[in-house]
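Listing of upload-v2.txt; format and content: compact mmCIF, C-alpha atoms.
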# COMPACT_ATOMS: atom_id res chain seq x y z
CA MET A 12 0.00 0.00 0.00
CA THR A 13 2.86 2.36 0.85
CA GLN A 14 4.46 1.65 -2.52
CA VAL A 15 1.17 2.39 -4.33
CA ARG A 16 0.79 5.71 -2.53
CA ALA A 17 4.39 6.58 -3.36
CA ARG A 18 3.85 5.80 -7.05
CA ARG A 19 0.67 7.90 -7.09
CA LEU A 20 2.48 10.81 -5.43
CA ALA A 21 5.36 10.59 -7.90
CA PHE A 22 2.89 10.52 -10.83
CA SER A 23 1.04 13.58 -9.47
CA LEU A 24 4.26 15.51 -9.06
CA LEU A 25 5.37 14.58 -12.58
CA THR A 26 2.01 15.68 -14.04
CA ALA A 27 2.18 18.99 -12.19
CA ALA A 28 5.69 19.58 -13.47
CA ILE A 29 4.61 18.94 -17.05
CA VAL A 30 1.66 21.35 -16.71
CA MET A 31 3.83 24.08 -15.18
CA ALA A 32 6.44 23.61 -17.90
CA SER A 33 3.74 23.96 -20.57
CA VAL A 34 2.38 27.11 -18.98
CA SER A 35 5.82 28.67 -18.68
CA GLN A 36 6.29 28.26 -22.44
CA ILE A 37 3.21 30.36 -23.28
CA ASN A 38 4.36 33.77 -24.41
CA ALA A 39 2.25 36.85 -23.77
CA GLU A 40 3.18 40.47 -24.20
CA MET A 41 1.20 43.63 -23.45
CA ILE A 42 1.38 46.32 -26.15
CA VAL A 43 0.70 49.72 -24.55
CA PHE A 44 -0.22 52.42 -27.08
CA ALA A 45 0.60 56.09 -26.72
CA ASN A 46 -3.07 56.86 -26.00
CA GLY A 47 -3.12 54.42 -23.07
CA ARG A 48 -5.00 51.56 -24.73
CA THR A 49 -3.54 48.06 -24.61
CA ILE A 50 -3.69 44.70 -26.39
CA SER A 51 -2.31 41.33 -25.31
CA VAL A 52 -0.35 39.44 -27.96
CA LYS A 53 1.47 36.13 -28.11
CA ASP A 54 4.67 37.54 -29.57
CA TYR A 55 6.11 40.45 -31.55
CA ARG A 56 9.06 41.34 -33.73
CA ILE A 57 10.52 44.69 -34.73
CA ALA A 58 11.84 45.57 -38.19
CA GLY A 59 12.93 49.14 -38.82
CA ASP A 60 10.19 51.47 -37.64
CA THR A 61 7.43 48.84 -37.63
CA ILE A 62 6.24 46.19 -35.19
CA THR A 63 4.59 42.92 -36.24
CA VAL A 64 2.51 41.23 -33.54
CA THR A 65 1.17 37.69 -33.42
CA PHE A 66 -2.26 37.48 -31.81
CA ARG A 67 -2.95 34.77 -29.23
CA ASN A 68 -5.87 33.47 -31.33
CA GLY A 69 -3.82 33.46 -34.52
CA GLY A 70 -3.11 36.04 -37.19
CA GLU A 71 -0.70 38.94 -37.38
CA ALA A 72 -0.76 42.72 -37.74
CA THR A 73 1.98 45.23 -38.54
CA PHE A 74 1.96 48.86 -37.45
CA ARG A 75 4.30 51.78 -36.81
CA GLN A 76 6.41 51.90 -33.63
CA ALA A 77 5.45 55.54 -33.26
CA ILE A 78 2.01 54.66 -31.86
CA VAL A 79 3.48 52.35 -29.18
CA ALA A 80 4.50 53.70 -25.77
CA ARG A 81 6.00 50.49 -24.39
CA ILE A 82 5.86 46.69 -24.42
CA THR A 83 5.70 44.74 -21.17
CA PRO A 84 5.19 41.07 -20.22
CA ASP A 85 1.52 40.17 -19.80
CA GLU A 86 1.84 37.80 -16.86
CA ILE A 87 -1.89 37.17 -16.45
CA ALA A 88 -2.55 36.29 -20.09
CA ALA A 89 0.51 34.03 -20.14
CA LEU A 90 -1.20 31.70 -17.68
CA VAL A 91 -4.44 31.45 -19.65
CA PRO A 92 -4.64 29.30 -22.82
CA ALA A 93 -5.75 31.23 -25.91
CA ALA A 94 -9.46 31.00 -26.54
CA ALA A 95 -11.05 30.14 -29.85
CA ALA A 96 -11.63 33.07 -32.21
CA PRO A 97 -15.01 34.69 -31.58
CA VAL A 98 -17.83 34.11 -34.04
CA GLU A 99 -19.18 37.28 -35.62
CA THR A 100 -22.58 38.16 -34.16
CA PRO A 101 -25.37 40.52 -35.21
CA ALA A 102 -24.97 44.15 -34.19
CA PRO A 103 -25.92 44.63 -30.52
CA SER A 104 -28.11 47.42 -29.24
CA LEU A 105 -26.60 50.69 -27.99
CA ALA A 106 -27.25 49.69 -24.38
CA GLN A 107 -25.43 46.39 -24.93
CA ARG A 108 -22.44 48.10 -26.55
CA LEU A 109 -22.11 50.44 -23.61
CA ARG A 110 -21.46 47.37 -21.49
CA THR A 111 -19.41 45.51 -24.09
CA PRO A 112 -15.67 46.10 -24.66
CA ILE A 113 -14.64 46.61 -28.26
CA GLU A 114 -12.91 43.22 -28.27
CA ALA A 115 -16.33 41.54 -28.02
CA ARG A 116 -18.12 43.61 -30.68
CA PRO A 117 -18.92 42.46 -34.24
CA PHE A 118 -15.90 42.09 -36.56
CA ALA A 119 -13.61 42.92 -33.61
CA ALA A 120 -10.71 40.70 -34.70
CA LEU A 121 -10.82 41.97 -38.28
CA ILE A 122 -11.12 45.61 -37.20
CA GLN A 123 -8.16 45.23 -34.87
CA SER A 124 -6.00 43.56 -37.51
CA VAL A 125 -6.70 46.10 -40.27
CA SER A 126 -6.49 49.10 -37.94
CA LEU A 127 -3.13 48.15 -36.44
CA LYS A 128 -1.72 47.30 -39.86
CA HIS A 129 -2.29 50.91 -40.89
CA GLY A 130 -1.27 52.40 -37.54
CA ILE A 131 -4.77 53.50 -36.47
CA ASP A 132 -6.29 52.93 -33.02
CA PRO A 133 -8.93 50.17 -33.38
CA ALA A 134 -11.15 52.05 -30.91
CA LEU A 135 -11.33 55.00 -33.31
CA VAL A 136 -12.34 52.72 -36.17
CA HIS A 137 -15.04 51.18 -33.97
CA ALA A 138 -16.27 54.70 -33.15
CA VAL A 139 -16.56 55.58 -36.84
CA ILE A 140 -18.25 52.29 -37.73
CA GLU A 141 -20.78 52.69 -34.93
CA ALA A 142 -21.69 56.16 -36.19
CA GLU A 143 -21.66 55.22 -39.87
CA SER A 144 -23.37 51.83 -40.12
CA ASN A 145 -23.93 50.44 -36.63
CA TYR A 146 -21.81 47.43 -37.69
CA GLN A 147 -24.07 46.57 -40.66
CA ALA A 148 -21.81 45.30 -43.46
CA SER A 149 -24.63 45.62 -46.01
CA ALA A 150 -25.53 49.22 -45.14
CA ARG A 151 -25.97 51.70 -48.00
CA SER A 152 -26.74 55.39 -47.67
CA GLN A 153 -28.95 57.55 -49.90
CA VAL A 154 -25.88 59.10 -51.50
CA GLY A 155 -24.28 55.72 -52.22
CA ALA A 156 -21.83 55.22 -49.35
CA ARG A 157 -21.45 51.52 -48.61
CA GLY A 158 -20.54 48.98 -45.98
CA LEU A 159 -19.23 49.13 -42.44
CA MET A 160 -17.39 52.44 -42.80
CA GLN A 161 -19.77 53.85 -45.44
CA VAL A 162 -17.08 54.38 -48.04
CA MET A 163 -18.06 56.20 -51.25
CA PRO A 164 -17.29 54.25 -54.45
CA ALA A 165 -15.24 57.14 -55.89
CA THR A 166 -13.10 57.27 -52.74
CA ALA A 167 -12.73 53.50 -52.82
CA ARG A 168 -11.44 53.60 -56.41
CA ASP A 169 -8.77 56.10 -55.40
CA LEU A 170 -7.75 53.69 -52.64
CA GLY A 171 -7.46 50.70 -54.97
CA VAL A 172 -10.85 49.00 -54.62
CA LYS A 173 -11.69 47.70 -58.09
CA SER A 174 -15.46 47.38 -57.74
CA ALA A 175 -18.08 49.18 -55.66
CA ARG A 176 -19.63 45.79 -54.88
CA LEU A 177 -16.52 44.87 -52.92
CA LEU A 178 -17.35 47.57 -50.38
CA PHE A 179 -19.96 45.25 -48.92
CA ASP A 180 -17.15 42.83 -48.05
CA PRO A 181 -15.99 43.70 -44.50
CA GLN A 182 -12.30 43.16 -45.29
CA GLU A 183 -12.33 45.33 -48.42
CA ASN A 184 -14.44 48.01 -46.75
CA LEU A 185 -12.21 48.21 -43.71
CA GLU A 186 -9.05 48.37 -45.80
CA ALA A 187 -10.47 51.30 -47.76
CA GLY A 188 -12.08 53.07 -44.82
CA VAL A 189 -9.07 52.81 -42.52
CA LYS A 190 -6.70 53.96 -45.27
CA TYR A 191 -8.93 56.99 -45.88
CA LEU A 192 -9.12 57.76 -42.16
CA LYS A 193 -5.32 57.55 -41.95
CA PHE A 194 -5.01 59.88 -44.94
CA LEU A 195 -7.28 62.44 -43.24
CA LEU A 196 -5.35 62.25 -39.96
CA GLU A 197 -2.10 62.85 -41.81
CA ARG A 198 -3.57 65.68 -43.89
CA PHE A 199 -4.75 67.50 -40.78
CA ASP A 200 -1.54 66.84 -38.83
CA GLY A 201 -3.14 64.41 -36.40
CA ASP A 202 -6.03 66.72 -35.48
CA LEU A 203 -8.66 64.13 -34.60
CA THR A 204 -11.61 66.53 -34.66
CA ASN A 205 -10.79 67.86 -38.12
CA ALA A 206 -10.13 64.37 -39.47
CA ILE A 207 -13.49 63.12 -38.23
CA ALA A 208 -15.25 66.17 -39.66
CA ALA A 209 -13.51 65.57 -42.99
CA TYR A 210 -14.64 61.93 -42.98
CA ASN A 211 -18.21 63.23 -42.98
CA ALA A 212 -18.07 66.49 -44.95
CA GLY A 213 -14.92 66.03 -47.01
CA PRO A 214 -11.44 67.49 -46.51
CA GLY A 215 -12.21 70.44 -48.78
CA ALA A 216 -15.00 71.67 -46.50
CA VAL A 217 -12.79 71.41 -43.40
CA GLN A 218 -10.01 73.26 -45.20
CA LYS A 219 -12.42 75.98 -46.33
CA TYR A 220 -13.84 76.64 -42.85
CA GLU A 221 -10.54 75.98 -41.08
CA GLY A 222 -12.22 73.48 -38.80
CA ILE A 223 -15.58 71.77 -38.43
CA PRO A 224 -17.88 73.08 -41.17
CA PRO A 225 -21.04 74.82 -39.88
CA PHE A 226 -23.25 71.96 -41.02
CA PRO A 227 -25.59 70.48 -38.35
CA GLU A 228 -25.05 66.98 -39.74
CA THR A 229 -21.27 67.26 -39.51
CA GLU A 230 -21.33 68.93 -36.09
CA ASN A 231 -23.54 66.13 -34.72
CA TYR A 232 -21.40 63.51 -36.45
CA VAL A 233 -18.20 64.75 -34.82
CA LYS A 234 -19.85 64.77 -31.39
CA LYS A 235 -21.15 61.23 -31.92
CA VAL A 236 -17.84 59.76 -33.08
CA LEU A 237 -15.85 61.46 -30.33
CA GLY A 238 -18.43 60.26 -27.80
CA ASN A 239 -18.12 56.69 -29.10
CA PHE A 240 -14.33 56.90 -29.02
CA GLN A 241 -14.19 58.12 -25.44
CA GLN A 242 -16.48 55.41 -24.03

What's the C-alpha cells form of this structure?
Amino acid sequence: MTQVRARRLAFSLLTAAIVMASVSQINAEMIVFANGRTISVKDYRIAGDTITVTFRNGGEATFRQAIVARITPDEIAALVPAAAAPVETPAPSLAQRLRTPIEARPFAALIQSVSLKHGIDPALVHAVIEAESNYQASARSQVGARGLMQVMPATARDLGVKSARLLFDPQENLEAGVKYLKFLLERFDGDLTNAIAAYNAGPGAVQKYEGIPPFPETENYVKKVLGNFQQ
C-alpha cells in the first residue's frame, strides 16, 4: 500500500511539473499604445520602424512603432490558454455596446488587424463604424456610401478598390475606410476633430472653414464619433 501511494504521489508531481512547464512556455506580451490603450499578444518582432505582432488566437498585424509607448510582459494572459476566435454576431443594441468592450463587438478581430496594420487605433475605427453603419456590413446610404465604414465608391477607387460591390465585403471596406481615415489624420496633422469632420463632410470643406464646417449633420457627427471613441 505504501508503494502504491508513493507511485501515485510521484505521478502527481510529474504531471504537475509537465503542466507548469507547458504554462511557462506560453508567451504573452502587453502592447501599450501612446493613447493608453492596450492589447495582449502572443509575440512580436521589430523591423525598422514597424512592429509585427502575433495574436494569441492566430493572425498577425503590422503597425508603426510611433504609436506604441511600451511593451511589457503580460503575466496574467501568459497563464491562460488562448481562446477560440469569436464568431461574428449581429450588431448589438446601444445599451449592450455600452457594457461591451470593443474586443467583443462584431468584426472585432478583423477591425483590430486592419487598424493596427495601418497604424490606427482600433477604438477609433469602432467609433466611426458605430456612427456610420452600426456594424451593418450591407448598409448603403442615400448618397451611395457603402458597408461598415460607409465608403463612397469614388473614394474607394482612389484607394485601390476595383469594384463598388466589394465595399460590402468587411475586409475590403475596412481596408479602404481605414486607409482613408489615416489619410485624413495625416492631412490635418493628427487633429482628430478635423479628421473626423472631414470623414463626414470632405477634406475640402474642413479646409475651407478651417475646422468643423457649420453643417448640423457634420457637427452632430463629430460629437457622436468622439463620444463613441471616449467610451

Find the residues of segment 123-144 of chain A that sit at most 9 Å from segment 224-237 of chain A; for each, write down the nearest two atoms and how far apart they are in Å, to one decimal. Count all atoms listed in the file. Sort by chain, then by number going up, and give it as JSON lines.
{"residue": "A:Leu135", "atom": "CA", "partner": "A:Val236", "partner_atom": "CA", "distance": 8.1}
{"residue": "A:Ala138", "atom": "CA", "partner": "A:Val236", "partner_atom": "CA", "distance": 5.3}
{"residue": "A:Val139", "atom": "CA", "partner": "A:Val236", "partner_atom": "CA", "distance": 5.8}
{"residue": "A:Ile140", "atom": "CA", "partner": "A:Val236", "partner_atom": "CA", "distance": 8.8}
{"residue": "A:Glu141", "atom": "CA", "partner": "A:Val236", "partner_atom": "CA", "distance": 7.9}
{"residue": "A:Ala142", "atom": "CA", "partner": "A:Val236", "partner_atom": "CA", "distance": 6.1}
{"residue": "A:Glu143", "atom": "CA", "partner": "A:Tyr232", "partner_atom": "CA", "distance": 9.0}

Query raised in the report: Which residue gives the smallest distance to Thr166 of chain A among A:Ala150, A:Ala187, A:Val64, A:Ile78, with only C-alpha atoms counted?
Result: A:Ala187

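Restricting the calculation to all atoms listed in the file, the smallest distance between Ala148 of chain A and any of A:Pro112, A:Gly188, A:Pro117, A:Pro181 is found for A:Pro181.
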
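Among the candidates A:Gln161, A:Leu170, A:Gly59, A:Leu185, the residue lying nearest to Phe118 of chain A is A:Leu185 (atoms considered: only C-alpha atoms).
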
Query raised in the report: Counting only C-alpha atoms, which of A:Ala80, A:Ile113, A:Ile62, A:Val136 gets nearest to Lys193 of chain A?
Result: A:Val136

Report task. To one decimal in Å, tell me the separation between atom CA of Met163 of chain A and atom CA of Gln242 of chain A. Result ->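 Going from atom CA of Met163 of chain A over to atom CA of Gln242 of chain A covers 27.3 Å.
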
Query - Point-to-point distance in Å for atom CA of Leu192 of chain A and atom CA of Asn205 of chain A - result: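 Interatomic distance here is 11.0 Å.
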
Report task. Counting all atoms listed in the file, figure out which residue out of A:Val79, A:Ile207, A:Ile122, A:Ala175 gets nearest to Gly222 of chain A. Result ->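 Ranking A:Val79, A:Ile207, A:Ile122, A:Ala175 by distance to Gly222 of chain A, first place goes to A:Ile207.
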
Query raised in the report: Contacts of Gln218 of chain A at 12 Å or less, counting all atoms listed in the file, minus same-chain residues fewer than 2 places along, as number ranges by chain?
Result: A: 195, 198-199, 205-206, 208-209, 212-216, 220-224

Resulting file, chosen residues, C-alpha atoms, as an mmCIF file, in the frame of the given file:
data_model
loop_
_atom_site.group_PDB
_atom_site.id
_atom_site.type_symbol
_atom_site.label_atom_id
_atom_site.label_comp_id
_atom_site.auth_asym_id
_atom_site.auth_seq_id
_atom_site.Cartn_x
_atom_site.Cartn_y
_atom_site.Cartn_z
ATOM 1 C CA LEU A 195 -7.280 62.440 -43.240
ATOM 2 C CA ARG A 198 -3.570 65.680 -43.890
ATOM 3 C CA PHE A 199 -4.750 67.500 -40.780
ATOM 4 C CA ASN A 205 -10.790 67.860 -38.120
ATOM 5 C CA ALA A 206 -10.130 64.370 -39.470
ATOM 6 C CA ALA A 208 -15.250 66.170 -39.660
ATOM 7 C CA ALA A 209 -13.510 65.570 -42.990
ATOM 8 C CA ALA A 212 -18.070 66.490 -44.950
ATOM 9 C CA GLY A 213 -14.920 66.030 -47.010
ATOM 10 C CA PRO A 214 -11.440 67.490 -46.510
ATOM 11 C CA GLY A 215 -12.210 70.440 -48.780
ATOM 12 C CA ALA A 216 -15.000 71.670 -46.500
ATOM 13 C CA TYR A 220 -13.840 76.640 -42.850
ATOM 14 C CA GLU A 221 -10.540 75.980 -41.080
ATOM 15 C CA GLY A 222 -12.220 73.480 -38.800
ATOM 16 C CA ILE A 223 -15.580 71.770 -38.430
ATOM 17 C CA PRO A 224 -17.880 73.080 -41.170
#

Requested in this report: Point out the residue among A:Val217, A:Lys173, A:Asn211, A:Asp60 with the least atom-to-atom distance to Tyr191 of chain A, counting all atoms listed in the file.
Outcome: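 Closest residue, counting all atoms listed in the file: A:Asn211.
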
**Report entry** Distance of atom CA of Leu121 of chain A from atom CA of Gln182 of chain A, expressed in Å to one decimal place
**Finding:** 7.3 Å
